[in-house]
>>> print(open('upload.cif').read())   # mmCIF, C-alpha atoms
data_coords
#
loop_
_atom_site.label_atom_id
_atom_site.label_comp_id
_atom_site.auth_asym_id
_atom_site.auth_seq_id
_atom_site.Cartn_x
_atom_site.Cartn_y
_atom_site.Cartn_z
CA MET A 1 150.10 120.63 152.25
CA ILE A 2 152.17 122.60 149.74
CA LEU A 3 150.42 125.81 150.77
CA ARG A 4 151.20 125.18 154.42
CA THR A 5 154.86 124.38 153.67
CA THR A 6 155.18 127.53 151.59
CA LEU A 7 153.69 129.64 154.36
CA ILE A 8 156.07 128.14 156.92
CA SER A 9 159.10 128.85 154.73
CA ILE A 10 157.94 132.45 154.17
CA PHE A 11 157.44 132.85 157.90
CA LEU A 12 160.94 131.58 158.65
CA ASP A 13 162.44 133.98 156.13
CA TYR A 14 160.56 136.93 157.60
CA PHE A 15 161.38 135.84 161.13
CA GLN A 16 165.10 135.88 160.32
CA HIS A 17 164.75 139.30 158.67
CA PHE A 18 162.88 140.86 161.59
CA ARG A 19 165.19 139.27 164.12
CA GLN A 20 168.16 140.97 162.49
CA SER A 21 166.41 144.36 162.13
CA GLY A 22 165.22 144.47 165.77
CA THR A 23 161.45 144.47 165.03
CA ARG A 24 159.15 142.58 167.37
CA PRO A 25 158.98 139.11 165.78
CA LEU A 26 156.42 137.76 168.22
CA ALA A 27 153.68 140.11 166.96
CA ILE A 28 154.46 139.29 163.35
CA PHE A 29 154.60 135.60 164.20
CA GLY A 30 151.11 135.83 165.68
CA CYS A 31 149.73 137.54 162.59
CA ILE A 32 151.27 135.03 160.22
CA LEU A 33 150.08 132.13 162.36
CA ALA A 34 146.51 133.50 162.38
CA VAL A 35 146.50 133.99 158.60
CA SER A 36 147.91 130.53 157.87
CA ALA A 37 145.42 128.87 160.26
CA SER A 38 142.49 130.64 158.63
CA ILE A 39 143.66 129.73 155.12
CA SER A 40 144.26 126.06 155.92
CA SER A 41 140.95 125.68 157.76
CA CYS A 42 138.91 127.01 154.83
CA ALA A 43 140.05 124.58 152.18
CA GLU A 44 136.79 124.49 150.19
CA TRP A 45 138.20 126.85 147.61
CA LEU A 46 141.07 124.48 146.80
CA PRO A 47 140.56 122.29 143.71
CA GLU A 48 139.61 118.64 144.12
CA ALA A 49 142.10 115.90 143.43
CA HIS A 50 141.74 114.36 139.97
CA LYS A 51 139.95 111.03 139.95
CA LEU A 52 140.31 108.56 137.10
CA ASP A 53 137.48 106.62 135.52
CA LEU A 54 137.44 103.12 137.03
CA HIS A 55 136.73 100.04 134.89
CA GLN A 56 136.41 96.72 136.72
CA GLY A 57 135.61 93.27 135.41
CA ASN A 58 134.90 91.83 131.99
CA THR A 59 134.06 94.16 129.14
CA VAL A 60 131.65 92.19 126.96
CA LYS A 61 130.71 93.94 123.72
CA LEU A 62 127.38 93.38 122.00
CA GLU A 63 129.19 91.84 119.00
CA GLN A 64 130.71 89.20 121.29
CA LEU A 65 127.33 88.44 122.83
CA GLU A 66 125.73 88.03 119.41
CA ARG A 67 128.38 85.47 118.39
CA LEU A 68 127.28 83.06 121.13
CA GLU A 69 125.05 80.17 120.08
CA PRO A 70 123.48 77.37 122.10
CA GLY A 71 125.51 74.17 121.92
CA MET A 72 128.95 75.85 122.01
CA SER A 73 131.58 74.29 124.23
CA LYS A 74 133.10 76.04 127.27
CA ALA A 75 136.35 76.53 125.34
CA GLU A 76 134.52 78.28 122.49
CA VAL A 77 132.65 80.54 124.90
CA ARG A 78 135.89 81.35 126.71
CA GLN A 79 137.53 82.19 123.38
CA ILE A 80 134.74 84.63 122.49
CA LEU A 81 134.06 86.25 125.89
CA GLY A 82 137.30 85.63 127.73
CA ALA A 83 137.69 84.11 131.18
CA PRO A 84 134.69 84.69 133.43
CA MET A 85 134.99 87.11 136.33
CA LEU A 86 133.30 84.68 138.67
CA THR A 87 133.11 80.89 138.57
CA ASP A 88 131.12 79.41 141.42
CA PRO A 89 132.67 76.17 142.74
CA PHE A 90 129.20 74.95 143.75
CA HIS A 91 127.70 75.67 140.32
CA ASN A 92 130.32 74.63 137.74
CA GLN A 93 127.79 75.04 134.95
CA ARG A 94 127.39 78.81 135.49
CA TRP A 95 129.78 81.61 134.49
CA ASP A 96 129.25 85.22 135.49
CA TYR A 97 130.72 88.12 133.54
CA ILE A 98 130.53 91.17 135.80
CA TYR A 99 131.47 94.69 134.77
CA ARG A 100 131.46 97.97 136.73
CA PHE A 101 132.21 101.43 135.45
CA ILE A 102 132.70 104.23 138.00
CA PRO A 103 133.22 107.52 136.15
CA ASN A 104 135.06 110.53 137.50
CA LYS A 105 131.76 112.39 137.51
CA GLY A 106 128.37 110.84 137.06
CA PHE A 107 126.69 107.61 138.05
CA GLU A 108 128.09 104.12 138.43
CA ARG A 109 127.08 101.55 135.80
CA LYS A 110 126.90 97.82 136.42
CA SER A 111 126.49 95.00 133.96
CA LEU A 112 125.95 91.29 134.56
CA LEU A 113 125.97 88.57 131.95
CA THR A 114 125.47 84.95 133.01
CA VAL A 115 125.94 81.93 130.79
CA TYR A 116 124.70 78.47 131.74
CA PHE A 117 126.04 75.14 130.50
CA ASP A 118 124.42 71.71 130.51
CA GLU A 119 125.93 68.53 131.97
CA ASN A 120 127.92 67.98 128.74
CA ASP A 121 129.60 71.41 129.10
CA ARG A 122 127.64 72.86 126.20
CA LEU A 123 126.12 76.34 126.25
CA GLU A 124 122.51 75.97 127.31
CA ARG A 125 121.23 79.52 127.81
CA ILE A 126 122.32 83.12 128.28
CA ASP A 127 120.86 85.43 130.92
CA ASP A 128 121.38 88.98 129.71
CA SER A 129 118.56 90.60 131.69
CA LYS A 130 121.05 92.76 133.64
CA TYR A 131 123.47 93.24 130.76
CA ILE A 132 124.39 96.79 129.70
CA GLU A 133 126.87 97.28 126.90
CA PRO A 134 129.91 99.19 128.20
#
>>> encode(input="upload.cif", output="structure tokens")
Amino acid sequence: MILRTTLISIFLDYFQHFRQSGTRPLAIFGCILAVSASISSCAEWLPEAHKLDLHQGNTVKLEQLERLEPGMSKAEVRQILGAPMLTDPFHNQRWDYIYRFIPNKGFERKSLLTVYFDENDRLERIDDSKYIEP
């Protein structure tokens, strides 16, 4: 966009110059138009826009996971891991901690940690089969 705007401003400056000097501006206009069209259509050589690394969800460290013990209350688990990313209204006894990392270059990484509570709201078990430490 900046390149196109710059070319247009250069063209207008030259057009004014050639108009005052009596040169044929239509021929020069055609040349400049052809050059600017060819440059803007072949934009592969332009650099890519910068993309930031994207972190989404709960970052659960291995140290936090190791601090969990069966029999802990929901409040204790929340204090250690933080609020869960997903709480299912149909399964109140299950908390999902989901994390996604999408780097600027490279492959996306996903991590899922699920904790289950019993009917007394005590930690029953931890499913870390899809857990990857961020």
>>> closest_residue(input="upload.cif", among="A:Val60, A:Ile10, A:Ala49, A:Ile80", to="Glu133 (chain A)", atoms="all atoms listed in the file")
A:Val60
>>> closest_residue(input="upload.cif", among="A:Ile102, A:Leu113, A:Leu52, A:Ile32", to="Leu81 (chain A)", atoms="only C-alpha atoms")
A:Leu113
>>> closest_residue(input="upload.cif", among="A:Gln79, A:Asn92, A:Thr59, A:Thr87", to="Ser111 (chain A)", atoms="all atoms listed in the file")
A:Thr59
>>> atom_distance(input="upload.cif", atom1="CA of Gln64 (chain A)", atom2="CA of Lys105 (chain A)")
28.3 Å
>>> resolve_selection(input="upload.cif", expression="the PyMOL selection byres ((chain A and resi 125) around 9)", output="list of chain:residue names")
A:Glu69, A:Pro70, A:Thr114, A:Val115, A:Tyr116, A:Phe117, A:Asp118, A:Leu123, A:Glu124, A:Ile126, A:Asp127
>>> closest_residue(input="upload.cif", among="A:Met72, A:Leu86, A:Leu62, A:Val77", to="Pro134 (chain A)", atoms="all atoms listed in the file")
A:Leu62
>>> closest_residue(input="upload.cif", among="A:Ser9, A:Gln93, A:Ser73, A:Leu112", to="Gly57 (chain A)", atoms="all atoms listed in the file")
A:Leu112
>>> atom_distance(input="upload.cif", atom1="CA of Ala83 (chain A)", atom2="CA of Gly71 (chain A)")
18.2 Å
>>> atom_distance(input="upload.cif", atom1="CA of Lys74 (chain A)", atom2="CA of Trp95 (chain A)")
9.7 Å
>>> resolve_selection(input="upload.cif", expression="the PyMOL selection byres ((chain A and resi 100) around 7)", output="PyMOL selection string")
chain A and resi 55-57+98-99+101-102+109-111
>>> closest_residue(input="upload.cif", among="A:Gly106, A:Asn58, A:Glu119, A:Glu66", to="Met85 (chain A)", atoms="only C-alpha atoms")
A:Asn58
>>> axis_aligned_box(input="upload.cif", around="region 69-76 of chain A", padding_each_side="6 Å", output="lines of an AutoDock Vina configuration file")
center_x = 129.9
center_y = 77.2
center_z = 123.7
size_x = 24.9
size_y = 18.0
size_z = 19.2
